[in-house]
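Asks: File follows, entry07.tsv with TSV, C-alpha atoms:
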```tsv
chain	number	residue	atom	x	y	z
X	75	MET	CA	3.03	10.23	-9.38
X	76	ASN	CA	6.50	10.38	-10.84
X	77	ARG	CA	7.34	6.96	-12.25
X	78	TRP	CA	10.78	6.85	-10.59
X	79	LEU	CA	9.20	7.71	-7.23
X	80	PHE	CA	6.64	4.96	-7.82
X	81	ILE	CA	9.37	2.44	-8.62
X	82	TRP	CA	11.36	3.56	-5.56
X	83	ARG	CA	8.34	3.15	-3.27
X	84	ARG	CA	7.56	-0.26	-4.71
X	85	THR	CA	11.18	-1.37	-4.31
X	86	THR	CA	11.51	-0.17	-0.72
X	87	ARG	CA	8.41	-2.18	0.24
X	88	GLU	CA	10.04	-5.41	-0.93
X	89	LEU	CA	11.23	-7.60	1.91
X	90	TRP	CA	14.68	-8.14	0.43
X	91	PHE	CA	15.46	-4.42	0.12
X	92	ARG	CA	15.52	-3.47	3.78
X	93	ALA	CA	17.06	-6.80	4.80
X	94	GLY	CA	19.83	-6.35	2.24
X	95	LEU	CA	20.42	-2.77	3.35
X	96	TYR	CA	20.75	-3.76	7.00
X	97	ALA	CA	23.03	-6.65	6.01
X	98	VAL	CA	25.36	-4.28	4.16
X	99	PHE	CA	25.43	-1.93	7.16
X	100	GLY	CA	26.26	-4.84	9.44
X	101	VAL	CA	29.17	-6.02	7.29
X	102	VAL	CA	30.51	-2.47	6.89
X	103	ALA	CA	30.27	-1.82	10.64
X	104	ALA	CA	32.20	-5.00	11.42
X	105	LEU	CA	34.99	-4.27	8.96
X	106	ALA	CA	35.16	-0.52	9.57
X	107	ALA	CA	35.90	-0.90	13.28
X	108	VAL	CA	39.58	-0.95	12.44
X	109	VAL	CA	39.28	2.55	10.92
X	110	ALA	CA	38.25	4.06	14.26
X	111	ALA	CA	40.93	2.14	16.17
X	112	PRO	CA	43.50	5.02	16.19
X	113	LEU	CA	40.98	7.20	18.02
X	114	VAL	CA	40.60	4.77	20.94
X	115	PRO	CA	42.50	5.72	24.12
X	116	THR	CA	44.93	3.15	25.46
X	117	ALA	CA	42.99	2.68	28.69
X	118	MET	CA	39.80	1.87	26.77
X	119	ALA	CA	41.67	-0.53	24.49
X	120	ASP	CA	43.08	-2.37	27.51
X	121	ARG	CA	39.66	-2.57	29.17
X	122	PHE	CA	37.45	-3.59	26.21
X	123	GLY	CA	39.93	-5.06	23.77
X	124	GLY	CA	40.06	-8.54	25.27
X	125	GLU	CA	38.30	-11.76	24.33
X	126	SER	CA	34.86	-10.74	25.65
X	127	VAL	CA	33.84	-9.22	22.31
X	128	GLU	CA	34.31	-12.60	20.60
X	129	GLN	CA	31.98	-14.24	23.11
X	130	VAL	CA	29.32	-11.58	22.53
X	131	LEU	CA	29.58	-11.98	18.77
X	132	THR	CA	29.43	-15.77	19.07
X	133	ILE	CA	26.20	-15.54	21.08
X	134	LEU	CA	24.70	-13.18	18.49
X	135	ALA	CA	25.73	-15.39	15.58
X	136	SER	CA	24.38	-18.58	17.15
X	137	SER	CA	21.02	-17.14	18.21
X	138	LEU	CA	20.01	-14.61	15.57
X	139	LEU	CA	19.82	-17.08	12.70
X	140	ALA	CA	17.20	-19.05	14.63
X	141	VAL	CA	15.38	-15.83	15.55
X	142	ALA	CA	15.34	-14.66	11.93
X	143	THR	CA	14.11	-18.06	10.73
X	144	PHE	CA	11.36	-18.11	13.34
X	145	SER	CA	10.32	-14.53	12.50
X	146	LEU	CA	10.15	-15.34	8.80
X	147	GLY	CA	8.03	-18.40	9.55
X	148	ALA	CA	5.70	-16.31	11.68
X	149	MET	CA	5.34	-13.78	8.87
X	150	VAL	CA	4.54	-16.54	6.36
X	151	THR	CA	1.94	-17.93	8.77
X	152	ALA	CA	0.37	-14.49	9.14
X	153	TYR	CA	0.44	-14.07	5.34
X	154	THR	CA	-1.40	-17.36	4.88
X	155	ALA	CA	-3.91	-16.60	7.64
X	156	VAL	CA	-4.73	-13.17	6.25
X	157	SER	CA	-5.12	-14.54	2.73
X	158	SER	CA	-7.58	-17.13	4.03
X	159	ALA	CA	-9.52	-14.91	6.44
X	160	ALA	CA	-9.69	-11.74	4.33
X	161	THR	CA	-8.54	-11.80	0.71
X	162	PRO	CA	-5.23	-12.53	-1.04
X	163	ARG	CA	-5.15	-8.92	-2.26
X	164	VAL	CA	-4.54	-7.66	1.27
X	165	ALA	CA	-1.75	-10.13	2.03
X	166	SER	CA	0.84	-7.94	0.29
X	167	LEU	CA	0.41	-5.47	3.15
X	168	VAL	CA	1.86	-8.09	5.50
X	169	THR	CA	5.14	-8.41	3.62
X	170	GLY	CA	5.19	-4.66	3.05
X	171	ASP	CA	4.57	-3.84	6.71
X	172	GLU	CA	7.35	-1.48	7.79
X	173	ALA	CA	7.62	-2.73	11.38
X	174	THR	CA	7.84	-6.35	10.21
X	175	GLN	CA	10.52	-5.53	7.67
X	176	LYS	CA	12.57	-3.57	10.20
X	177	SER	CA	12.51	-6.46	12.65
X	178	LEU	CA	13.51	-9.10	10.10
X	179	ALA	CA	16.16	-6.82	8.60
X	180	THR	CA	17.64	-6.12	12.03
X	181	PHE	CA	17.95	-9.83	12.80
X	182	VAL	CA	19.57	-10.62	9.44
X	183	GLY	CA	21.89	-7.62	9.57
X	184	ALA	CA	22.99	-8.32	13.13
X	185	PHE	CA	23.59	-11.99	12.27
X	186	LEU	CA	25.86	-11.09	9.35
X	187	TYR	CA	27.61	-8.48	11.48
X	188	ALA	CA	28.37	-11.11	14.11
X	189	ILE	CA	29.56	-13.65	11.53
X	190	VAL	CA	31.89	-11.16	9.87
X	191	GLY	CA	33.13	-9.91	13.25
X	192	VAL	CA	33.98	-13.39	14.53
X	193	THR	CA	35.69	-14.26	11.25
X	194	ALA	CA	37.74	-11.05	11.32
X	195	ILE	CA	38.81	-11.64	14.94
X	196	ASN	CA	39.96	-15.18	14.17
X	197	ALA	CA	41.87	-13.82	11.19
X	198	HIS	CA	43.60	-11.32	13.55
X	199	TYR	CA	42.15	-8.40	11.59
X	200	TYR	CA	41.80	-6.25	14.74
X	201	ALA	CA	44.30	-5.08	17.28
X	202	ALA	CA	43.25	-4.36	20.86
X	203	ALA	CA	41.90	-0.93	19.91
X	204	GLY	CA	39.90	-2.41	17.02
X	205	ARG	CA	38.38	-5.04	19.29
X	206	ALA	CA	37.41	-2.28	21.73
X	207	VAL	CA	35.55	-0.43	18.97
X	208	LEU	CA	33.92	-3.70	17.92
X	209	PHE	CA	32.85	-4.32	21.51
X	210	LEU	CA	31.10	-0.93	21.73
X	211	ILE	CA	29.40	-1.50	18.37
X	212	SER	CA	28.30	-4.94	19.57
X	213	LEU	CA	26.67	-3.41	22.64
X	214	ALA	CA	24.70	-1.06	20.39
X	215	VAL	CA	23.72	-4.00	18.17
X	216	VAL	CA	22.53	-5.99	21.19
X	217	GLY	CA	20.39	-3.05	22.31
X	218	LEU	CA	18.92	-2.66	18.81
X	219	VAL	CA	18.17	-6.38	18.58
X	220	ALA	CA	16.47	-6.35	22.00
X	221	PHE	CA	14.32	-3.36	20.99
X	222	ARG	CA	13.34	-4.90	17.66
X	223	LEU	CA	12.60	-8.24	19.30
X	224	LEU	CA	10.17	-6.62	21.75
X	225	ALA	CA	8.59	-4.60	18.91
X	226	TRP	CA	8.27	-7.79	16.84
X	227	ILE	CA	6.56	-9.63	19.69
X	228	ASN	CA	4.10	-6.76	20.00
X	229	ARG	CA	3.55	-6.74	16.24
X	230	LEU	CA	2.88	-10.47	16.12
X	231	SER	CA	-0.13	-10.00	18.39
X	232	ARG	CA	-1.80	-7.87	15.67
X	233	LEU	CA	-0.20	-8.96	12.40
X	234	ALA	CA	-2.71	-11.65	11.41
X	235	ARG	CA	-5.73	-9.97	13.02
X	236	LEU	CA	-8.44	-9.19	10.50
X	237	GLY	CA	-9.24	-5.86	12.13
X	238	HIS	CA	-5.62	-4.79	11.76
X	239	MET	CA	-5.68	-5.63	8.05
X	240	ILE	CA	-8.84	-3.54	7.62
X	241	GLU	CA	-7.09	-0.64	9.32
X	242	LEU	CA	-4.08	-0.96	6.99
X	243	VAL	CA	-6.27	-1.01	3.88
X	244	GLU	CA	-8.27	1.94	5.17
X	245	ASP	CA	-5.11	3.95	5.84
X	246	ARG	CA	-3.77	3.28	2.34
X	247	ALA	CA	-7.15	4.15	0.81
X	248	THR	CA	-7.37	7.39	2.79
X	249	ARG	CA	-3.98	8.56	1.58
X	250	ALA	CA	-4.79	7.69	-2.03
X	251	LEU	CA	-8.20	9.40	-1.89
X	252	VAL	CA	-6.86	12.59	-0.32
X	253	GLU	CA	-4.07	12.76	-2.92
X	254	ALA	CA	-6.57	12.21	-5.73
X	255	ALA	CA	-8.86	14.93	-4.37
X	256	ALA	CA	-5.92	17.34	-4.10
X	257	ARG	CA	-4.94	16.69	-7.74
X	258	PRO	CA	-8.15	16.05	-9.68
X	259	ASN	CA	-7.73	14.95	-13.28
X	260	LEU	CA	-4.08	14.04	-12.49
X	261	GLY	CA	-3.29	17.74	-12.27
X	262	GLY	CA	-4.69	18.42	-15.73
X	263	ARG	CA	-8.05	19.49	-17.10
X	264	ALA	CA	-11.34	17.64	-17.31
X	265	GLY	CA	-12.89	16.69	-20.60
X	266	SER	CA	-11.65	14.82	-23.64
X	267	LEU	CA	-10.11	15.52	-27.00
X	268	GLY	CA	-12.29	15.73	-30.05
X	269	PRO	CA	-12.96	12.93	-32.53
X	270	GLY	CA	-10.12	11.89	-34.74
X	271	ALA	CA	-7.45	12.03	-32.05
X	272	LEU	CA	-4.51	9.66	-32.43
X	273	VAL	CA	-4.69	6.60	-30.14
X	274	VAL	CA	-1.54	5.42	-28.36
X	275	THR	CA	-1.87	1.71	-27.59
X	276	SER	CA	-0.40	-0.47	-24.88
X	277	PRO	CA	2.67	-2.54	-25.81
X	278	ARG	CA	1.69	-5.33	-23.42
X	279	THR	CA	-1.16	-6.67	-21.29
X	280	GLY	CA	-1.61	-5.83	-17.61
X	281	TYR	CA	-3.03	-3.45	-15.03
X	282	VAL	CA	-2.10	0.22	-15.13
X	283	GLN	CA	-0.41	0.71	-11.77
X	284	ASN	CA	0.80	4.27	-12.17
X	285	VAL	CA	0.55	7.22	-14.54
X	286	ASP	CA	3.28	9.87	-14.51
X	287	PRO	CA	1.61	13.22	-15.36
X	288	ASP	CA	4.94	15.08	-15.35
X	289	HIS	CA	6.28	12.77	-18.06
X	290	LEU	CA	3.10	13.14	-20.09
X	291	GLN	CA	3.34	16.93	-19.82
X	292	ARG	CA	6.94	16.91	-21.05
X	293	ALA	CA	6.19	14.48	-23.87
X	294	ALA	CA	3.18	16.54	-24.96
X	295	GLY	CA	5.26	19.70	-24.90
X	296	ALA	CA	7.99	18.08	-26.98
X	297	ALA	CA	5.41	16.91	-29.54
X	298	ASP	CA	3.43	20.20	-29.32
X	299	THR	CA	0.18	18.39	-28.62
X	300	HIS	CA	-2.36	17.63	-25.89
X	301	VAL	CA	-2.86	14.20	-24.34
X	302	GLU	CA	-5.98	12.57	-22.93
X	303	VAL	CA	-5.46	9.72	-20.46
X	304	ILE	CA	-7.76	6.81	-21.28
X	305	ALA	CA	-6.29	4.08	-19.05
X	306	VAL	CA	-6.27	5.55	-15.55
X	307	PRO	CA	-4.60	3.63	-12.68
X	308	GLY	CA	-6.49	0.40	-12.00
X	309	THR	CA	-7.53	-0.14	-15.62
X	310	PHE	CA	-6.81	-3.50	-17.18
X	311	VAL	CA	-5.56	-3.10	-20.72
X	312	ARG	CA	-4.76	-5.71	-23.33
X	313	ARG	CA	-1.91	-5.33	-25.74
X	314	GLY	CA	-3.09	-3.03	-28.49
X	315	GLU	CA	-5.77	-1.28	-26.41
X	316	ALA	CA	-5.75	2.47	-25.81
X	317	LEU	CA	-3.58	4.06	-23.13
X	318	CYS	CA	-4.08	7.67	-24.18
X	319	ARG	CA	-5.09	9.87	-27.12
X	320	LEU	CA	-3.11	12.66	-28.77
X	321	ASP	CA	-4.31	15.75	-30.55
X	322	LEU	CA	-2.34	14.72	-33.63
X	323	THR	CA	-3.13	13.11	-36.93
X	324	ALA	CA	0.04	11.00	-36.98
X	325	ALA	CA	3.09	10.27	-34.83
X	326	ASP	CA	6.13	8.08	-35.32
X	327	GLY	CA	7.07	5.19	-33.06
X	328	ALA	CA	9.50	7.21	-30.94
X	329	VAL	CA	6.82	9.75	-30.04
X	330	GLN	CA	4.31	7.05	-29.13
X	331	ASP	CA	6.93	5.21	-27.06
X	332	SER	CA	7.60	8.38	-25.09
X	333	PHE	CA	3.94	8.53	-24.07
X	334	CYS	CA	3.80	4.81	-23.29
X	335	ALA	CA	6.74	5.25	-20.90
X	336	ALA	CA	4.50	7.30	-18.59
X	337	PHE	CA	2.31	4.25	-17.91
X	338	THR	CA	3.56	1.56	-15.50
X	339	LEU	CA	1.88	-1.79	-16.12
X	340	GLY	CA	1.98	-4.84	-13.87
X	341	ARG	CA	0.33	-8.14	-13.11
X	342	SER	CA	-1.87	-6.72	-10.35
X	343	ARG	CA	-3.30	-3.45	-9.15
X	344	SER	CA	-1.48	-1.14	-6.76
X	345	PHE	CA	-2.70	0.75	-3.70
X	346	ASP	CA	-0.58	3.86	-4.34
X	347	GLN	CA	-2.36	5.73	-7.15
X	348	ASP	CA	-5.48	3.56	-7.34
X	349	PRO	CA	-7.84	4.38	-4.44
X	350	ARG	CA	-10.61	2.26	-5.97
X	351	PHE	CA	-8.43	-0.83	-5.51
X	352	ALA	CA	-8.40	-0.33	-1.74
X	353	LEU	CA	-12.18	0.17	-1.78
X	354	THR	CA	-12.56	-3.01	-3.82
X	355	VAL	CA	-10.39	-4.95	-1.36
X	356	LEU	CA	-12.58	-3.79	1.53
X	357	GLY	CA	-15.63	-4.93	-0.43
X	358	GLU	CA	-14.01	-8.33	-0.99
X	359	ILE	CA	-13.38	-8.69	2.75
X	360	ALA	CA	-17.02	-7.89	3.45
X	361	GLY	CA	-18.22	-10.35	0.80
X	362	LYS	CA	-16.09	-13.13	2.27
X	363	ALA	CA	-17.26	-12.34	5.79
X	364	LEU	CA	-20.89	-12.68	4.66
X	365	SER	CA	-20.34	-16.01	2.90
X	366	PRO	CA	-22.17	-19.00	4.47
X	367	GLY	CA	-18.88	-20.67	5.33
X	368	VAL	CA	-17.68	-17.69	7.39
X	369	ASN	CA	-20.92	-16.01	8.52
X	370	ASP	CA	-19.31	-12.99	10.21
X	371	PRO	CA	-21.70	-10.05	9.93
X	372	GLY	CA	-19.66	-8.10	12.49
X	373	THR	CA	-16.79	-7.74	10.00
X	374	ALA	CA	-19.27	-6.62	7.35
X	375	VAL	CA	-20.53	-3.92	9.71
X	376	GLU	CA	-16.93	-2.84	10.33
X	377	ILE	CA	-16.37	-2.57	6.58
X	378	ALA	CA	-19.52	-0.46	6.19
X	379	THR	CA	-18.33	2.02	8.82
X	380	ALA	CA	-14.87	2.09	7.23
X	381	GLY	CA	-16.48	2.84	3.87
X	382	VAL	CA	-18.34	5.79	5.35
X	383	ARG	CA	-15.13	7.14	6.88
X	384	LEU	CA	-13.27	6.82	3.60
X	385	LEU	CA	-15.91	8.48	1.47
X	386	ASP	CA	-16.34	11.18	4.10
X	387	ALA	CA	-12.59	11.85	3.90
X	388	TRP	CA	-12.94	12.04	0.12
X	389	CYS	CA	-15.84	14.50	0.38
X	390	GLN	CA	-13.98	16.63	2.90
X	391	ALA	CA	-10.86	16.78	0.74
X	392	ARG	CA	-12.97	17.51	-2.33
X	393	ASP	CA	-14.92	20.29	-0.61
X	394	GLU	CA	-11.76	21.88	0.80
X	395	ALA	CA	-10.21	22.01	-2.66
X	396	PRO	CA	-10.60	25.35	-4.48
X	397	GLU	CA	-13.48	25.76	-6.89
X	398	ALA	CA	-11.01	26.12	-9.74
X	399	PRO	CA	-8.10	23.84	-8.83
X	400	GLU	CA	-4.68	24.79	-10.12
X	401	VAL	CA	-3.90	23.17	-13.43
X	402	THR	CA	-0.26	22.12	-13.19
X	403	HIS	CA	-0.34	20.14	-16.44
X	404	ASP	CA	-2.11	22.25	-19.03
X	405	ARG	CA	-1.52	19.76	-21.84
X	406	LEU	CA	-3.13	16.88	-19.96
X	407	ARG	CA	-6.76	15.75	-19.99
X	408	ALA	CA	-8.10	13.09	-17.60
X	409	ALA	CA	-11.45	12.04	-16.22
X	410	PRO	CA	-12.14	12.50	-12.50
X	411	LEU	CA	-12.69	9.56	-10.17
X	412	PRO	CA	-16.18	8.11	-10.74
X	413	GLU	CA	-17.82	8.68	-7.36
X	414	ALA	CA	-20.78	6.40	-8.07
X	415	GLU	CA	-18.46	3.50	-8.91
X	416	MET	CA	-16.35	4.18	-5.82
X	417	LEU	CA	-19.48	3.80	-3.74
X	418	ASP	CA	-20.35	0.51	-5.41
X	419	ASP	CA	-16.81	-0.82	-4.94
X	420	VAL	CA	-17.12	-0.90	-1.17
X	421	PHE	CA	-20.87	-1.20	-0.60
X	422	GLY	CA	-21.82	-3.42	-3.54
X	423	PRO	CA	-20.81	-6.73	-1.91
X	424	LEU	CA	-22.56	-5.71	1.31
X	425	ILE	CA	-25.77	-5.07	-0.60
X	426	ARG	CA	-25.57	-8.30	-2.59
X	427	TYR	CA	-24.53	-10.70	0.17
X	428	GLY	CA	-25.84	-9.05	3.34
X	429	ALA	CA	-29.40	-8.35	2.29
X	430	GLY	CA	-30.85	-11.10	4.45
X	431	ASP	CA	-29.08	-10.07	7.68
X	432	LEU	CA	-31.08	-7.52	9.68
X	433	ARG	CA	-28.07	-6.00	11.42
X	434	VAL	CA	-26.17	-5.52	8.17
X	435	ALA	CA	-29.24	-4.16	6.42
X	436	ILE	CA	-29.79	-1.57	9.17
X	437	VAL	CA	-26.17	-0.41	9.10
X	438	LEU	CA	-26.28	-0.22	5.31
X	439	GLN	CA	-29.35	2.00	5.37
X	440	GLN	CA	-27.77	4.26	7.96
X	441	ALA	CA	-24.48	4.47	6.03
X	442	LEU	CA	-26.04	5.08	2.63
X	443	GLY	CA	-28.56	7.48	4.15
X	444	SER	CA	-25.78	9.64	5.59
X	445	LEU	CA	-23.86	9.61	2.32
X	446	GLY	CA	-27.05	10.38	0.41
X	447	ALA	CA	-26.99	13.85	1.92
X	448	GLU	CA	-23.82	14.66	-0.05
X	449	ARG	CA	-24.02	16.78	-3.16
X	450	GLY	CA	-23.26	15.61	-6.65
X	451	PRO	CA	-22.99	12.11	-8.10
X	452	LEU	CA	-21.98	10.57	-4.77
X	453	GLY	CA	-25.17	11.62	-3.02
X	454	ARG	CA	-27.36	10.50	-5.92
X	455	ALA	CA	-25.58	7.15	-6.15
X	456	ALA	CA	-25.91	6.63	-2.37
X	457	ALA	CA	-29.66	7.31	-2.53
X	458	ARG	CA	-30.01	4.88	-5.43
X	459	LEU	CA	-28.02	2.18	-3.67
X	460	GLY	CA	-30.04	2.72	-0.49
X	461	LYS	CA	-33.27	2.00	-2.35
X	462	GLU	CA	-31.73	-1.02	-4.04
X	463	ALA	CA	-30.45	-2.35	-0.71
X	464	LEU	CA	-33.90	-1.94	0.86
X	465	LYS	CA	-35.58	-3.86	-1.97
X	466	ARG	CA	-33.05	-6.67	-1.71
X	467	SER	CA	-33.42	-6.86	2.08
X	468	VAL	CA	-37.20	-6.98	1.96
X	469	ALA	CA	-37.03	-9.74	-0.64
X	470	ALA	CA	-34.36	-11.73	1.22
X	471	MET	CA	-35.74	-11.56	4.77
X	472	ALA	CA	-38.06	-14.46	5.54
X	473	SER	CA	-39.22	-12.99	8.84
X	474	ALA	CA	-42.05	-10.45	8.68
X	475	PRO	CA	-41.02	-8.83	12.02
X	476	ASP	CA	-37.51	-8.25	10.62
X	477	ARG	CA	-38.95	-6.55	7.56
X	478	ALA	CA	-41.20	-4.42	9.70
X	479	ARG	CA	-38.35	-3.43	12.00
X	480	LEU	CA	-36.17	-2.45	9.03
X	481	ARG	CA	-38.91	-0.26	7.59
X	482	THR	CA	-39.50	1.32	11.01
X	483	ILE	CA	-35.82	2.20	11.45
X	484	ILE	CA	-35.40	3.79	8.05
X	485	SER	CA	-38.67	5.70	8.13
```
Could you render the structure as structure tokens?

Replies:
Amino acid sequence: MNRWLFIWRRTTRELWFRAGLYAVFGVVAALAAVVAAPLVPTAMADRFGGESVEQVLTILASSLLAVATFSLGAMVTAYTAVSSAATPRVASLVTGDEATQKSLATFVGAFLYAIVGVTAINAHYYAAAGRAVLFLISLAVVGLVAFRLLAWINRLSRLARLGHMIELVEDRATRALVEAAARPNLGGRAGSLGPGALVVTSPRTGYVQNVDPDHLQRAAGAADTHVEVIAVPGTFVRRGEALCRLDLTAADGAVQDSFCAAFTLGRSRSFDQDPRFALTVLGEIAGKALSPGVNDPGTAVEIATAGVRLLDAWCQARDEAPEAPEVTHDRLRAAPLPEAEMLDDVFGPLIRYGAGDLRVAIVLQQALGSLGAERGPLGRAAARLGKEALKRSVAAMASAPDRARLRTIIS
């Protein structure tokens, strides 16, 4: 996606962004009440412009700081619990949860609004009409705080639940997979450039979080060349390793820097343009659930069904795409998503760690059997993994009746 859109999305998911935005709105609302004062009728100013607004603001200021502190503590507790029960890679979805951020931002913004309002009243900033406007704004703030508090209580009941985290990861993976199926090869063509192409290397070490195909198209047009993306989103590259290749024999530093600018590198992988990361996270949750210390095959079964839903959504989006998808970036070359590796990302841990559990083995055979009916590399990889899973299960199961039951079910 566009690199500025990627940066904007990443910024808006930060906890401080929404809280800071609400805080600014709260301060502006408190100070701007005097602007609307000339529009207030005299009767309304006499009725609402007394000292009651100061009492309301005092109650808000004294209570919302404690509420915000408690809510932040609850979020940190949920973050820790999810990291321990699932995987640390999924914990970022807790801090990026929109409902959680809205609740915390509302409490912080309303607190600052109340503080500024009380300070302005004591400084005689408002006349009677201004206090009347402030009173009406305070009523709206109280209603918003009450609504967000009820929503936050409801959210707390699900925030640290493992099933809820699986749903969040699945939703993010579904969006990324559908977008990838709609724009195969990043909107360019399949294939690679010939031998002898110029390699553009990474200026630093990290994970490729995003690739901007529009920027690559413009840079390739300016240099009158074609570009092949080597480091797709999710790839870990070391400084000096290849990001892309150009159909040129030589290029100066400015040209190479223009191509490097299309690649966003970070310390960790991102869910946005990297659907395999979400599949990997689901596989990690399944692997942890099947560890001897946890021993939760039910979660592993839930992951297996989620994997089938995700890959089915991928197949549906792929099949609905036109046979010859529109090439929006004719100077760009990129490899498609490796379907066999996608399958291993989510089902690999289940096969390795759940082979000895009869229930998990049965669900695996059913899941891989259904996916094995798909055409192309995905179907072939599912059939291969199904055979591998059966061999591992037969070798891992100590009970002869369990082995016989497994063979009976899959036959």

Asks: Would you mind listing, for every residue of range 344-441 of chain X within 12 Å of range 454-460 of chain X, the two atoms forming the shortest contact and the distance between them in Å to one decimal, using only C-alpha atoms, sorted by chain and ascending residue number, as a Markdown table?

Replies:
```
| residue | atom | partner | partner_atom | distance |
| --- | --- | --- | --- | --- |
| X:Gly381 | CA | X:Ala456 | CA | 11.9 |
| X:Val382 | CA | X:Ala456 | CA | 10.8 |
| X:Leu385 | CA | X:Ala456 | CA | 10.9 |
| X:Pro412 | CA | X:Ala455 | CA | 10.5 |
| X:Glu413 | CA | X:Ala455 | CA | 8.0 |
| X:Ala414 | CA | X:Ala455 | CA | 5.2 |
| X:Glu415 | CA | X:Ala455 | CA | 8.5 |
| X:Met416 | CA | X:Ala455 | CA | 9.7 |
| X:Leu417 | CA | X:Ala456 | CA | 7.2 |
| X:Asp418 | CA | X:Leu459 | CA | 8.0 |
| X:Asp419 | CA | X:Leu459 | CA | 11.7 |
| X:Val420 | CA | X:Leu459 | CA | 11.6 |
| X:Phe421 | CA | X:Leu459 | CA | 8.5 |
| X:Gly422 | CA | X:Leu459 | CA | 8.4 |
| X:Pro423 | CA | X:Leu459 | CA | 11.6 |
| X:Leu424 | CA | X:Leu459 | CA | 10.8 |
| X:Ile425 | CA | X:Leu459 | CA | 8.2 |
| X:Arg426 | CA | X:Leu459 | CA | 10.8 |
| X:Ala429 | CA | X:Gly460 | CA | 11.4 |
| X:Ala435 | CA | X:Gly460 | CA | 9.8 |
| X:Ile436 | CA | X:Gly460 | CA | 10.6 |
| X:Val437 | CA | X:Gly460 | CA | 10.8 |
| X:Leu438 | CA | X:Gly460 | CA | 7.5 |
| X:Gln439 | CA | X:Gly460 | CA | 5.9 |
| X:Gln440 | CA | X:Gly460 | CA | 8.9 |
| X:Ala441 | CA | X:Gly460 | CA | 8.7 |
```

Asks: Suppose you want the space between CA of Thr151 in chain X and CA of Tyr427 in chain X; what is it in Å?

Replies: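 CA of Thr151 in chain X sits 28.8 Å away from CA of Tyr427 in chain X.
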
Asks: Out of X:Val164, X:Leu464, X:Leu178, X:Val141, which residue has the shortest atom-to-atom distance to Phe351 in chain X when counting only C-alpha atoms?

Replies: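 Under the stated criterion, the closest residue is X:Val164.
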
Asks: Skip Ala184 in chain X itself and residues of its chain fewer than 3 positions away, then list as a PDB file with C-alpha atoms, in the coordinates of the input all residues within 7 Å of it, counting all atoms listed in the file.

Replies:
```
ATOM      1  CA  GLY X 100      26.260  -4.840   9.440  1.00  0.00           C
ATOM      2  CA  THR X 180      17.640  -6.120  12.030  1.00  0.00           C
ATOM      3  CA  PHE X 181      17.950  -9.830  12.800  1.00  0.00           C
ATOM      4  CA  TYR X 187      27.610  -8.480  11.480  1.00  0.00           C
ATOM      5  CA  ALA X 188      28.370 -11.110  14.110  1.00  0.00           C
ATOM      6  CA  VAL X 215      23.720  -4.000  18.170  1.00  0.00           C
TER       7      VAL X 215
END
```

Asks: What does the distance from CA of Ala225 in chain X to CA of Glu376 in chain X come to in Å, to one decimal?

Replies: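 We find that CA of Ala225 in chain X and CA of Glu376 in chain X lie 27.0 Å from each other.
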
Asks: Which residue, X:Arg205, X:Asp346, X:Ala316, X:Thr279, has the smallest gap to Arg84 in chain X when you use all atoms listed in the file?

Replies: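 Closest to Arg84 in chain X, using all atoms listed in the file: X:Asp346.
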
Asks: If we count only C-alpha atoms and set the cut-off at 12 Å, which residues sit around range 85-94 of chain X, ignoring sequence neighbours fewer than 2 positions away in its own chain? Please answer as a VMD selection string.

Replies: chain X and resid 78 to 83 96 to 101 142 146 149 166 to 186 346

Asks: Please build the interface table for range 281-381 of chain X against range 255-266 of chain X with a cut-off of 10 Å, listing for each qualifying residue the nearest atom pair and the distance in Å to one decimal; count all atoms listed in the file, order rows by chain and increasing number, and write it as a Markdown table.

Replies:
```
| residue | atom | partner | partner_atom | distance |
| --- | --- | --- | --- | --- |
| X:Val285 | CA | X:Leu260 | CA | 8.5 |
| X:Asp286 | CA | X:Leu260 | CA | 8.7 |
| X:Pro287 | CA | X:Leu260 | CA | 6.4 |
| X:Asp288 | CA | X:Gly261 | CA | 9.2 |
| X:Gln291 | CA | X:Gly262 | CA | 9.1 |
| X:His300 | CA | X:Ser266 | CA | 10.0 |
| X:Val301 | CA | X:Ser266 | CA | 8.8 |
| X:Glu302 | CA | X:Ser266 | CA | 6.1 |
| X:Val303 | CA | X:Ser266 | CA | 8.6 |
| X:Ile304 | CA | X:Ser266 | CA | 9.2 |
| X:Val306 | CA | X:Leu260 | CA | 9.3 |
| X:Arg319 | CA | X:Ser266 | CA | 8.9 |
```

Asks: So how far away is CA of Thr379 in chain X from CA of Ser344 in chain X, in Å?

Replies: 23.2 Å

Asks: With distances taken over only C-alpha atoms, which residue among X:Leu267, X:Ala469, X:Val219, X:Ala409 lies nearest Ala305 in chain X?

Replies: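 For Ala305 in chain X, the nearest of the given residues is X:Ala409.
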
Asks: For range 109-113 of chain X, find every residue with an atom within 7 Å (counting only C-alpha atoms), except residues of its own chain fewer than 5 positions away, and show them as a ChimeraX atom specification.

Replies: /X:203-204,207

Asks: Which residue, X:Thr354, X:Ser212, X:Thr275, X:Ser473, has the smallest gap to Ile377 in chain X when you use all atoms listed in the file?

Replies: X:Thr354

Asks: My list of candidates is X:Ile240, X:Ala104, X:Leu445, X:Leu218. Which is closest to Arg163 in chain X when distances are computed with all atoms listed in the file?

Replies: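 Looking at the shortest contact to Arg163 in chain X, the residue is X:Ile240.
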
Asks: Taking (25.0, -14.1, 23.6) as a centre in this file's frame and 12 Å as the limit, can you find every polymer residue with an atom that close, using only C-alpha atoms, and give them as a ChimeraX atom specification?

Replies: /X:126-138,185,188,212-213,215-216,219-220
